[in-house]
Amino acid sequence: MTQEDKDIQKLFGDFKPELSSEADFLQQLERRMDGVEFLRQASQKNLRAYRRAGVFAAAAGFLCGVLMTLLVPTLVSFFDTMKYTAEYSTVIAWTIAGGATFAVCLTTFLQSLAPSRRIL
């Protein structure tokens with residue numbers, strides 16, 4: 001055995017940790033278990049909020065998509081009357097429809113999460 005091994009063995013051999021009483025141990029365990037339960041409940045609450053927000057965003061996106069699809073022919077005819085956009089009127093109309101639908105989905109998702117976003 002080398003001197004370094006003997007030093008390490010002596011260091012750990014002299015180490016005699018104090019053991020806390022059973023009541024202290026149980027109290028600490030109870031506190032930790034309460035913390036775990038709090039985090040579990042907060043996690044479940046967040047999961048429910050995200051699911052609800054996703055359902056609301058999907059519904060709003062579907063509704064906006066349907067309305068924008070019905071509006072596309074009007075947008076195409078509007079852009080056909082313009083001098084510089086007539087060639088790309090269909091692309092522009094569908095881009096506007098897609099952008100508006102995305103904006104409505106994102107806004108709905110974020111706004112439906114807003115009530116659940118408070119400090120725990």
# chains A, B, ... in the order shown; residues from 1 in each chain; ligands from 1

call {"tool": "residues_around", "arguments": {"residues": "range 69-73 of chain A", "least_positions_apart": "2", "cutoff": "9 Å", "atoms": "only C-alpha atoms", "output": "VMD selection string"}}
result
chain A and resid 64 to 67 75 to 78 90 93 to 94 96 to 97

call {"tool": "write_last_selection", "arguments": {"atoms": "N, CA and C atoms", "output": "PDB file, in the first residue's frame"}}
result
ATOM      1  N   CYS A  64     -60.480  30.209 -38.699  1.00  0.00           N
ATOM      2  CA  CYS A  64     -59.847  31.268 -39.488  1.00  0.00           C
ATOM      3  C   CYS A  64     -59.434  30.745 -40.868  1.00  0.00           C
ATOM      4  N   GLY A  65     -58.941  29.506 -40.918  1.00  0.00           N
ATOM      5  CA  GLY A  65     -58.558  28.917 -42.198  1.00  0.00           C
ATOM      6  C   GLY A  65     -59.733  28.787 -43.146  1.00  0.00           C
ATOM      7  N   VAL A  66     -60.865  28.356 -42.614  1.00  0.00           N
ATOM      8  CA  VAL A  66     -62.070  28.238 -43.442  1.00  0.00           C
ATOM      9  C   VAL A  66     -62.497  29.619 -43.951  1.00  0.00           C
ATOM     10  N   LEU A  67     -62.508  30.594 -43.046  1.00  0.00           N
ATOM     11  CA  LEU A  67     -62.922  31.942 -43.454  1.00  0.00           C
ATOM     12  C   LEU A  67     -61.954  32.552 -44.473  1.00  0.00           C
ATOM     13  N   LEU A  75     -59.682  38.198 -52.533  1.00  0.00           N
ATOM     14  CA  LEU A  75     -58.320  38.747 -52.506  1.00  0.00           C
ATOM     15  C   LEU A  75     -57.646  38.633 -53.866  1.00  0.00           C
ATOM     16  N   VAL A  76     -57.841  37.510 -54.551  1.00  0.00           N
ATOM     17  CA  VAL A  76     -57.244  37.329 -55.886  1.00  0.00           C
ATOM     18  C   VAL A  76     -57.776  38.378 -56.852  1.00  0.00           C
ATOM     19  N   SER A  77     -59.076  38.589 -56.834  1.00  0.00           N
ATOM     20  CA  SER A  77     -59.645  39.595 -57.749  1.00  0.00           C
ATOM     21  C   SER A  77     -59.169  41.001 -57.382  1.00  0.00           C
ATOM     22  N   PHE A  78     -58.988  41.251 -56.084  1.00  0.00           N
ATOM     23  CA  PHE A  78     -58.472  42.560 -55.671  1.00  0.00           C
ATOM     24  C   PHE A  78     -57.048  42.767 -56.174  1.00  0.00           C
ATOM     25  N   THR A  90     -52.597  35.191 -56.946  1.00  0.00           N
ATOM     26  CA  THR A  90     -52.992  33.973 -56.232  1.00  0.00           C
ATOM     27  C   THR A  90     -52.006  33.660 -55.106  1.00  0.00           C
ATOM     28  N   ALA A  93     -52.513  36.159 -52.299  1.00  0.00           N
ATOM     29  CA  ALA A  93     -53.753  35.907 -51.555  1.00  0.00           C
ATOM     30  C   ALA A  93     -53.585  34.727 -50.604  1.00  0.00           C
ATOM     31  N   TRP A  94     -52.969  33.634 -51.081  1.00  0.00           N
ATOM     32  CA  TRP A  94     -52.777  32.467 -50.204  1.00  0.00           C
ATOM     33  C   TRP A  94     -51.748  32.743 -49.109  1.00  0.00           C
ATOM     34  N   ILE A  96     -51.295  35.673 -47.665  1.00  0.00           N
ATOM     35  CA  ILE A  96     -52.033  36.468 -46.671  1.00  0.00           C
ATOM     36  C   ILE A  96     -52.949  35.563 -45.848  1.00  0.00           C
ATOM     37  N   ALA A  97     -53.626  34.633 -46.521  1.00  0.00           N
ATOM     38  CA  ALA A  97     -54.528  33.719 -45.815  1.00  0.00           C
ATOM     39  C   ALA A  97     -53.748  32.856 -44.821  1.00  0.00           C
TER      40      ALA A  97
END

call {"tool": "closest_residue", "arguments": {"among": "A:Asn46, A:Leu11, A:Asp34, A:Phe56", "to": "Leu110 in chain A", "atoms": "only C-alpha atoms"}}
result
A:Phe56

call {"tool": "atom_distance", "arguments": {"atom1": "CA of Leu113 in chain A", "atom2": "CA of Tyr50 in chain A"}}
result
6.9 Å

call {"tool": "closest_residue", "arguments": {"among": "A:Gly54, A:Ile92, A:Asp5, A:Ala100", "to": "Phe79 in chain A", "atoms": "only C-alpha atoms"}}
result
A:Ile92

call {"tool": "atom_distance", "arguments": {"atom1": "CA of Ala103 in chain A", "atom2": "CA of Met68 in chain A"}}
result
12.3 Å

call {"tool": "atom_distance", "arguments": {"atom1": "CA of Gly61 in chain A", "atom2": "CA of Gly99 in chain A"}}
result
10.9 Å

call {"tool": "decode", "arguments": {"residues": "range 47-61 of chain A", "atoms": "N, CA and C atoms", "output": "PDB file, in the first residue's frame"}}
result
ATOM      1  N   LEU A  47     -49.654  21.110 -17.733  1.00  0.00           N
ATOM      2  CA  LEU A  47     -50.012  20.215 -18.828  1.00  0.00           C
ATOM      3  C   LEU A  47     -51.463  20.429 -19.246  1.00  0.00           C
ATOM      4  N   ARG A  48     -52.356  20.572 -18.278  1.00  0.00           N
ATOM      5  CA  ARG A  48     -53.769  20.840 -18.604  1.00  0.00           C
ATOM      6  C   ARG A  48     -53.919  22.183 -19.331  1.00  0.00           C
ATOM      7  N   ALA A  49     -53.174  23.185 -18.871  1.00  0.00           N
ATOM      8  CA  ALA A  49     -53.266  24.511 -19.499  1.00  0.00           C
ATOM      9  C   ALA A  49     -52.764  24.462 -20.944  1.00  0.00           C
ATOM     10  N   TYR A  50     -51.673  23.750 -21.196  1.00  0.00           N
ATOM     11  CA  TYR A  50     -51.142  23.653 -22.558  1.00  0.00           C
ATOM     12  C   TYR A  50     -52.082  22.859 -23.464  1.00  0.00           C
ATOM     13  N   ARG A  51     -52.685  21.812 -22.934  1.00  0.00           N
ATOM     14  CA  ARG A  51     -53.648  21.058 -23.741  1.00  0.00           C
ATOM     15  C   ARG A  51     -54.852  21.917 -24.100  1.00  0.00           C
ATOM     16  N   ARG A  52     -55.372  22.644 -23.120  1.00  0.00           N
ATOM     17  CA  ARG A  52     -56.520  23.515 -23.371  1.00  0.00           C
ATOM     18  C   ARG A  52     -56.150  24.591 -24.389  1.00  0.00           C
ATOM     19  N   ALA A  53     -54.969  25.172 -24.250  1.00  0.00           N
ATOM     20  CA  ALA A  53     -54.530  26.204 -25.189  1.00  0.00           C
ATOM     21  C   ALA A  53     -54.379  25.629 -26.594  1.00  0.00           C
ATOM     22  N   GLY A  54     -53.894  24.406 -26.689  1.00  0.00           N
ATOM     23  CA  GLY A  54     -53.756  23.768 -27.994  1.00  0.00           C
ATOM     24  C   GLY A  54     -55.096  23.510 -28.665  1.00  0.00           C
ATOM     25  N   VAL A  55     -56.070  23.097 -27.876  1.00  0.00           N
ATOM     26  CA  VAL A  55     -57.414  22.862 -28.422  1.00  0.00           C
ATOM     27  C   VAL A  55     -58.022  24.185 -28.891  1.00  0.00           C
ATOM     28  N   PHE A  56     -57.895  25.226 -28.086  1.00  0.00           N
ATOM     29  CA  PHE A  56     -58.426  26.529 -28.486  1.00  0.00           C
ATOM     30  C   PHE A  56     -57.742  27.043 -29.756  1.00  0.00           C
ATOM     31  N   ALA A  57     -56.408  26.901 -29.820  1.00  0.00           N
ATOM     32  CA  ALA A  57     -55.671  27.376 -30.991  1.00  0.00           C
ATOM     33  C   ALA A  57     -56.056  26.582 -32.237  1.00  0.00           C
ATOM     34  N   ALA A  58     -56.243  25.279 -32.096  1.00  0.00           N
ATOM     35  CA  ALA A  58     -56.643  24.461 -33.249  1.00  0.00           C
ATOM     36  C   ALA A  58     -58.033  24.872 -33.745  1.00  0.00           C
ATOM     37  N   ALA A  59     -58.945  25.092 -32.825  1.00  0.00           N
ATOM     38  CA  ALA A  59     -60.295  25.494 -33.211  1.00  0.00           C
ATOM     39  C   ALA A  59     -60.284  26.869 -33.891  1.00  0.00           C
ATOM     40  N   ALA A  60     -59.554  27.804 -33.313  1.00  0.00           N
ATOM     41  CA  ALA A  60     -59.479  29.145 -33.903  1.00  0.00           C
ATOM     42  C   ALA A  60     -58.773  29.095 -35.256  1.00  0.00           C
ATOM     43  N   GLY A  61     -57.727  28.296 -35.361  1.00  0.00           N
ATOM     44  CA  GLY A  61     -57.020  28.165 -36.634  1.00  0.00           C
ATOM     45  C   GLY A  61     -57.884  27.549 -37.712  1.00  0.00           C
TER      46      GLY A  61
END
